[in-house]
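*Asks:* As input, take data_24.txt (compact mmCIF, C-alpha atoms):
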# COMPACT_ATOMS: atom_id res chain seq x y z
CA MET A 95 13.27 -23.51 173.51
CA LEU A 96 11.69 -20.05 173.25
CA ALA A 97 8.47 -21.01 175.03
CA ARG A 98 9.87 -19.87 178.40
CA HIS A 99 9.76 -16.24 177.21
CA ASN A 100 6.00 -15.88 177.33
CA ILE A 101 5.85 -15.52 173.56
CA GLU A 102 2.97 -17.09 171.70
CA LEU A 103 4.62 -19.40 169.21
CA GLN A 104 3.01 -20.99 166.19
CA SER A 105 4.54 -23.30 163.61
CA ALA A 106 4.27 -23.37 159.85
CA LYS A 107 2.01 -26.40 160.30
CA ASP A 108 -0.43 -24.25 162.31
CA PHE A 109 -0.91 -22.18 159.14
CA ASP A 110 -0.76 -25.13 156.72
CA LEU A 111 2.25 -23.54 155.03
CA VAL A 112 4.14 -25.50 152.42
CA GLU A 113 7.88 -25.48 153.04
CA PRO A 114 9.59 -23.61 150.21
CA ALA A 115 12.44 -25.14 148.26
CA GLU A 116 15.84 -24.53 149.82
CA THR A 117 17.75 -23.29 146.79
CA GLU A 118 20.59 -21.39 148.44
CA SER A 119 24.10 -22.72 149.10
CA THR A 120 24.38 -21.28 152.62
CA PHE A 121 22.60 -21.90 155.92
CA GLU A 122 21.75 -18.18 156.05
CA GLY A 123 20.22 -18.20 152.58
CA ASN A 124 18.05 -21.27 153.18
CA ALA A 125 16.91 -20.09 156.62
CA LEU A 126 15.93 -16.73 155.15
CA ILE A 127 13.97 -18.32 152.28
CA LYS A 128 11.81 -20.15 154.83
CA ALA A 129 11.44 -17.19 157.24
CA LYS A 130 10.47 -14.75 154.48
CA ALA A 131 8.00 -17.16 152.89
CA ALA A 132 6.28 -17.71 156.24
CA MET A 133 6.29 -13.99 157.08
CA GLU A 134 4.84 -13.08 153.68
CA ALA A 135 2.12 -15.73 154.04
CA THR A 136 1.14 -14.79 157.60
CA GLY A 137 2.13 -11.15 158.05
CA LEU A 138 3.78 -12.15 161.32
CA PRO A 139 7.40 -12.10 162.46
CA CYS A 140 8.83 -15.48 161.49
CA LEU A 141 11.85 -17.39 162.69
CA SER A 142 13.26 -20.24 160.65
CA ASP A 143 16.21 -22.59 160.97
CA ASP A 144 18.63 -24.18 158.58
CA SER A 145 21.23 -26.47 160.03
CA GLY A 146 23.54 -29.30 159.24
CA LEU A 147 26.71 -31.23 159.91
CA ALA A 148 29.96 -29.86 158.49
CA ILE A 149 32.84 -32.33 158.42
CA ASP A 150 36.38 -31.02 158.07
CA ALA A 151 37.65 -34.13 156.23
CA LEU A 152 34.89 -33.63 153.63
CA ASP A 153 35.57 -29.91 153.13
CA GLY A 154 32.45 -28.97 155.11
CA ALA A 155 30.11 -31.52 153.52
CA PRO A 156 27.38 -32.46 153.88
CA GLY A 157 26.72 -28.95 155.30
CA VAL A 158 23.61 -27.36 153.84
CA TYR A 159 22.96 -30.66 152.05
CA SER A 160 22.82 -32.73 155.26
CA ALA A 161 19.16 -33.66 154.81
CA ASP A 162 19.68 -34.27 151.08
CA TRP A 163 22.27 -36.94 151.87
CA ALA A 164 19.49 -38.82 153.69
CA GLU A 165 16.84 -38.53 150.95
CA THR A 166 15.39 -41.71 149.52
CA GLU A 167 12.25 -42.49 147.53
CA ASN A 168 10.56 -43.34 150.84
CA GLY A 169 11.66 -40.33 152.88
CA ARG A 170 14.80 -39.58 154.85
CA ASP A 171 17.11 -42.39 155.95
CA PHE A 172 19.79 -41.04 158.29
CA ILE A 173 21.26 -44.49 158.89
CA MET A 174 22.07 -44.53 155.19
CA ALA A 175 23.41 -40.96 155.42
CA MET A 176 25.67 -41.85 158.36
CA ASN A 177 26.98 -44.84 156.43
CA THR A 178 27.64 -42.52 153.48
CA VAL A 179 29.69 -40.25 155.75
CA ASN A 180 31.64 -43.24 157.05
CA ASP A 181 32.30 -44.48 153.51
CA LYS A 182 33.33 -41.07 152.14
CA ILE A 183 35.80 -40.60 155.01
CA GLY A 184 37.17 -44.08 154.57
CA GLY A 185 36.18 -45.14 158.05
CA ILE A 186 35.37 -42.90 161.01
CA ASP A 187 38.00 -43.46 163.69
CA GLY A 188 37.03 -40.83 166.28
CA THR A 189 39.59 -38.24 165.18
CA GLN A 190 37.57 -36.52 162.46
CA ALA A 191 36.58 -32.98 163.44
CA ALA A 192 33.08 -31.80 162.64
CA GLN A 193 30.71 -29.03 163.55
CA PHE A 194 26.98 -28.84 163.81
CA VAL A 195 25.85 -25.46 162.49
CA SER A 196 22.49 -23.78 162.93
CA VAL A 197 21.43 -20.45 161.51
CA LEU A 198 18.14 -18.93 162.57
CA ALA A 199 16.71 -16.22 160.34
CA LEU A 200 14.15 -13.76 161.70
CA ALA A 201 12.05 -12.00 159.07
CA LEU A 202 9.97 -9.09 160.33
CA PRO A 203 6.97 -7.54 158.57
CA ASN A 204 8.80 -4.18 158.42
CA GLY A 205 11.42 -5.77 156.14
CA GLU A 206 14.11 -6.27 158.76
CA GLU A 207 16.10 -9.50 158.62
CA HIS A 208 18.26 -10.83 161.44
CA PHE A 209 20.51 -13.88 161.65
CA PHE A 210 21.59 -15.88 164.69
CA LYS A 211 24.30 -18.50 164.24
CA GLY A 212 25.19 -21.30 166.61
CA VAL A 213 28.06 -23.74 166.18
CA VAL A 214 29.16 -26.69 168.29
CA GLU A 215 32.52 -28.32 167.65
CA GLY A 216 33.09 -32.03 168.06
CA LYS A 217 34.37 -35.27 166.62
CA LEU A 218 32.73 -38.05 164.68
CA SER A 219 32.24 -41.43 166.34
CA TRP A 220 31.64 -44.88 164.88
CA PRO A 221 29.53 -46.96 165.15
CA PRO A 222 26.45 -44.79 165.73
CA ARG A 223 25.39 -44.66 169.39
CA GLY A 224 22.15 -43.63 171.09
CA ASP A 225 18.49 -43.49 170.26
CA LYS A 226 17.62 -39.91 171.21
CA GLY A 227 17.78 -36.94 168.89
CA PHE A 228 17.68 -37.26 165.13
CA GLY A 229 19.72 -36.97 161.98
CA TYR A 230 23.45 -37.35 162.48
CA ASP A 231 23.24 -37.15 166.30
CA PRO A 232 24.35 -40.80 166.79
CA ILE A 233 27.79 -40.11 165.24
CA PHE A 234 28.54 -36.67 166.75
CA VAL A 235 30.37 -36.25 170.07
CA PRO A 236 30.58 -32.59 171.13
CA ASP A 237 33.94 -31.40 172.47
CA GLY A 238 34.24 -31.99 176.20
CA PHE A 239 31.83 -34.93 176.23
CA ASP A 240 32.03 -38.70 175.80
CA LEU A 241 28.37 -39.05 174.76
CA THR A 242 26.97 -38.57 171.29
CA PHE A 243 24.09 -36.12 170.92
CA ALA A 244 21.82 -39.18 170.51
CA GLU A 245 22.87 -40.42 173.97
CA MET A 246 22.11 -37.12 175.72
CA GLU A 247 18.88 -36.09 177.37
CA ALA A 248 17.12 -33.28 175.49
CA ASP A 249 17.86 -30.62 178.14
CA GLN A 250 21.58 -31.42 178.18
CA LYS A 251 21.79 -31.40 174.38
CA ASN A 252 19.75 -28.18 174.07
CA ASN A 253 22.08 -26.38 176.49
CA ILE A 254 25.17 -27.04 174.34
CA SER A 255 23.87 -27.69 170.83
CA HIS A 256 24.24 -25.52 167.76
CA ARG A 257 20.53 -24.77 167.81
CA GLY A 258 20.63 -24.03 171.53
CA ARG A 259 23.47 -21.56 170.97
CA ALA A 260 21.57 -19.87 168.14
CA ILE A 261 18.46 -19.65 170.33
CA GLN A 262 20.54 -17.99 173.08
CA LYS A 263 21.43 -15.28 170.56
CA VAL A 264 17.74 -14.87 169.68
CA GLU A 265 16.99 -14.51 173.39
CA GLU A 266 19.67 -11.81 173.73
CA PHE A 267 18.20 -10.01 170.70
CA LEU A 268 14.68 -10.15 172.17
CA LYS A 269 15.88 -8.81 175.53
CA SER A 270 17.71 -5.89 173.93
CA ASN A 271 14.92 -5.07 171.46
CA GLY A 272 11.93 -5.43 173.75
Now that the file is in, can you turn its structure into structure tokens?
*Replies:*
Amino acid sequence: MLARHNIELQSAKDFDLVEPAETESTFEGNALIKAKAAMEATGLPCLSDDSGLAIDALDGAPGVYSADWAETENGRDFIMAMNTVNDKIGGIDGTQAAQFVSVLALALPNGEEHFFKGVVEGKLSWPPRGDKGFGYDPIFVPDGFDLTFAEMEADQKNNISHRGRAIQKVEEFLKSNG
């Protein structure tokens, strides 16, 4: 999403960086762990994301543990995780409020740290619908829409998503800070 700003972007994979353990209990804390580790390893400004699904009926869970709910011995299984959500709620009926949250942390070599938070409100939907996107997208319908994130084209989702909203704040920061 930042490629349109004529910024040379590289990923952690380009540097063969190992993703550090996410040991914090907040999106900000986990995003900063990853951004600082990458910045310290490369000496470059680094931007990292931590995001997840926060469900009101589950007191904000799975939240920062969204990916953990999908962990199995063989990798991540989000079908299992969505079924877990459905079971814990006692049956998703389309009225359960939820938010997707994304926090981007920017760690700069001079020691500055900046955070950019994006949130999109919506409702849960059952059964899962759509084959685009990833994670919990097939059960999340953003407010004002009838489609789940997994039914939306990437451009449409990116324009309204939690990550898209956080990126917009990064763009504003870059414009105002040259």
*Asks:* When you look at Phe172 of chain A with a cut-off of 10 Å (counting only C-alpha atoms), what residues show up, excluding the ones that are within fewer than 2 positions of it in the same chain? I need them as a PDB file with C-alpha atoms, in the coordinates of the input.
*Replies:*
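around_20.pdb, freshly written:
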ATOM      1  CA  SER A 160      22.820 -32.730 155.260  1.00  0.00           C
ATOM      2  CA  ALA A 161      19.160 -33.660 154.810  1.00  0.00           C
ATOM      3  CA  ASP A 162      19.680 -34.270 151.080  1.00  0.00           C
ATOM      4  CA  TRP A 163      22.270 -36.940 151.870  1.00  0.00           C
ATOM      5  CA  ALA A 164      19.490 -38.820 153.690  1.00  0.00           C
ATOM      6  CA  GLU A 165      16.840 -38.530 150.950  1.00  0.00           C
ATOM      7  CA  THR A 166      15.390 -41.710 149.520  1.00  0.00           C
ATOM      8  CA  GLY A 169      11.660 -40.330 152.880  1.00  0.00           C
ATOM      9  CA  ARG A 170      14.800 -39.580 154.850  1.00  0.00           C
ATOM     10  CA  MET A 174      22.070 -44.530 155.190  1.00  0.00           C
ATOM     11  CA  ALA A 175      23.410 -40.960 155.420  1.00  0.00           C
ATOM     12  CA  MET A 176      25.670 -41.850 158.360  1.00  0.00           C
ATOM     13  CA  ASN A 177      26.980 -44.840 156.430  1.00  0.00           C
ATOM     14  CA  THR A 178      27.640 -42.520 153.480  1.00  0.00           C
ATOM     15  CA  PHE A 228      17.680 -37.260 165.130  1.00  0.00           C
ATOM     16  CA  GLY A 229      19.720 -36.970 161.980  1.00  0.00           C
ATOM     17  CA  TYR A 230      23.450 -37.350 162.480  1.00  0.00           C
ATOM     18  CA  ASP A 231      23.240 -37.150 166.300  1.00  0.00           C
ATOM     19  CA  PRO A 232      24.350 -40.800 166.790  1.00  0.00           C
TER      20      PRO A 232
END
*Asks:* For a test of reading the model, state the distance in Å between atom CA of Pro139 of chain A and atom CA of Leu198 of chain A, rounded to one decimal.
*Replies:* 12.7 Å
*Asks:* I'd like to know which of A:Val179, A:Met246, A:Leu200, A:Val195 is closest to Ile127 of chain A, using all atoms listed in the file.
*Replies:*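 Distance minimum relative to Ile127 of chain A lands on A:Leu200.
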*Asks:* Which one of A:Glu134, A:Asp144, A:Glu265, A:Glu116 sits closest to Ala199 of chain A if you count only C-alpha atoms?
*Replies:*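 Of all the options, A:Asp144 lies closest to Ala199 of chain A.
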*Asks:* Can you measure atom CA of Phe210 of chain A to atom CA of Ala135 of chain A for me? One decimal in Å is fine.
*Replies:* 22.2 Å
*Asks:* Write out as CSV a residue-level contact list of segment 159-240 of chain A versus segment 252-255 of chain A with cut-off 9 Å: for each qualifying residue the closest pair of atoms and the distance in Å to one decimal, counting all atoms listed in the file, rows sorted by chain and residue number upward.
*Replies:*
residue,atom,partner,partner_atom,distance
A:Phe194,CA,A:Ser255,CA,7.8
A:Val195,CA,A:Ser255,CA,8.9
A:Ser196,CA,A:Ser255,CA,8.9
A:Gly212,CA,A:Ser255,CA,7.8
A:Val213,CA,A:Ser255,CA,7.4
A:Val214,CA,A:Ser255,CA,6.0
A:Pro236,CA,A:Ser255,CA,8.3
*Asks:* Could you please determine the separation between atom CA of Glu167 of chain A and atom CA of Asp181 of chain A in Å, to one decimal place?
*Replies:*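 So the answer is 21.0 Å.
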*Asks:* Applying 9 Å and all atoms listed in the file, which residues near Val197 of chain A remain after dropping the ones on its own chain fewer than 5 positions away? List them as a PyMOL selection string.
*Replies:* chain A and resi 121-122+125+142-145+209-213+256-257+260
*Asks:* Pick from A:Ala192, A:Ala132, A:Val235, A:Ile186: nearest to Ala155 of chain A, with all atoms listed in the file counted?
*Replies:*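 The closest residue to Ala155 of chain A is A:Ala192.
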*Asks:* Quick one: residues within 12 Å of Asn204 of chain A, all atoms listed in the file, excluding same-chain residues fewer than 5 positions away - as a VMD selection string?
*Replies:* chain A and resid 130 133 to 134 137 to 140
*Asks:* Using C-alpha atoms, can you write the selected residues to a file as a PDB file, in the coordinates of the input?
*Replies:*
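Once written, result-v5.pdb looks like this:
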ATOM      1  CA  LYS A 130      10.470 -14.750 154.480  1.00  0.00           C
ATOM      2  CA  MET A 133       6.290 -13.990 157.080  1.00  0.00           C
ATOM      3  CA  GLU A 134       4.840 -13.080 153.680  1.00  0.00           C
ATOM      4  CA  GLY A 137       2.130 -11.150 158.050  1.00  0.00           C
ATOM      5  CA  LEU A 138       3.780 -12.150 161.320  1.00  0.00           C
ATOM      6  CA  PRO A 139       7.400 -12.100 162.460  1.00  0.00           C
ATOM      7  CA  CYS A 140       8.830 -15.480 161.490  1.00  0.00           C
TER       8      CYS A 140
END
*Asks:* Show which residues sit within 9 Å of Pro114 of chain A, as a list of chain:residue names. Count only C-alpha atoms, and ignore same-chain residues fewer than 3 positions away.
*Replies:* A:Leu111, A:Thr117, A:Ile127, A:Lys128, A:Ala131
*Asks:* Where's the centre, and what are the edge lengths in Å to one decimal, of a box along x, y and z enclosing all listed atoms of segment 105-119 of chain A padded 8 Å per side, as lines of an AutoDock Vina configuration file?
*Replies:*
center_x = 11.6
center_y = -23.9
center_z = 155.2
size_x = 41.0
size_y = 21.0
size_z = 32.8
*Asks:* Near Trp220 of chain A, within 7 Å and counting all atoms listed in the file, which residues show up once chain neighbours fewer than 2 positions away are dropped, as a list in words?
*Replies:* Ile186, Asp187, Gly188, Leu218, Pro222 and Ile233 of chain A
*Asks:* Counting all atoms listed in the file, which residue out of A:Ile173, A:Ala151, A:Val158, A:Ala129 sits closest to Ala191 of chain A?
*Replies:*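 Among the listed residues, A:Ala151 lies closest to Ala191 of chain A.
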*Asks:* Pick the closest to Phe243 of chain A from A:Lys217, A:Lys269, A:Arg259, A:Lys182: which is it, counting all atoms listed in the file?
*Replies:*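 With all atoms listed in the file as the atom set, the closest residue is A:Lys217.
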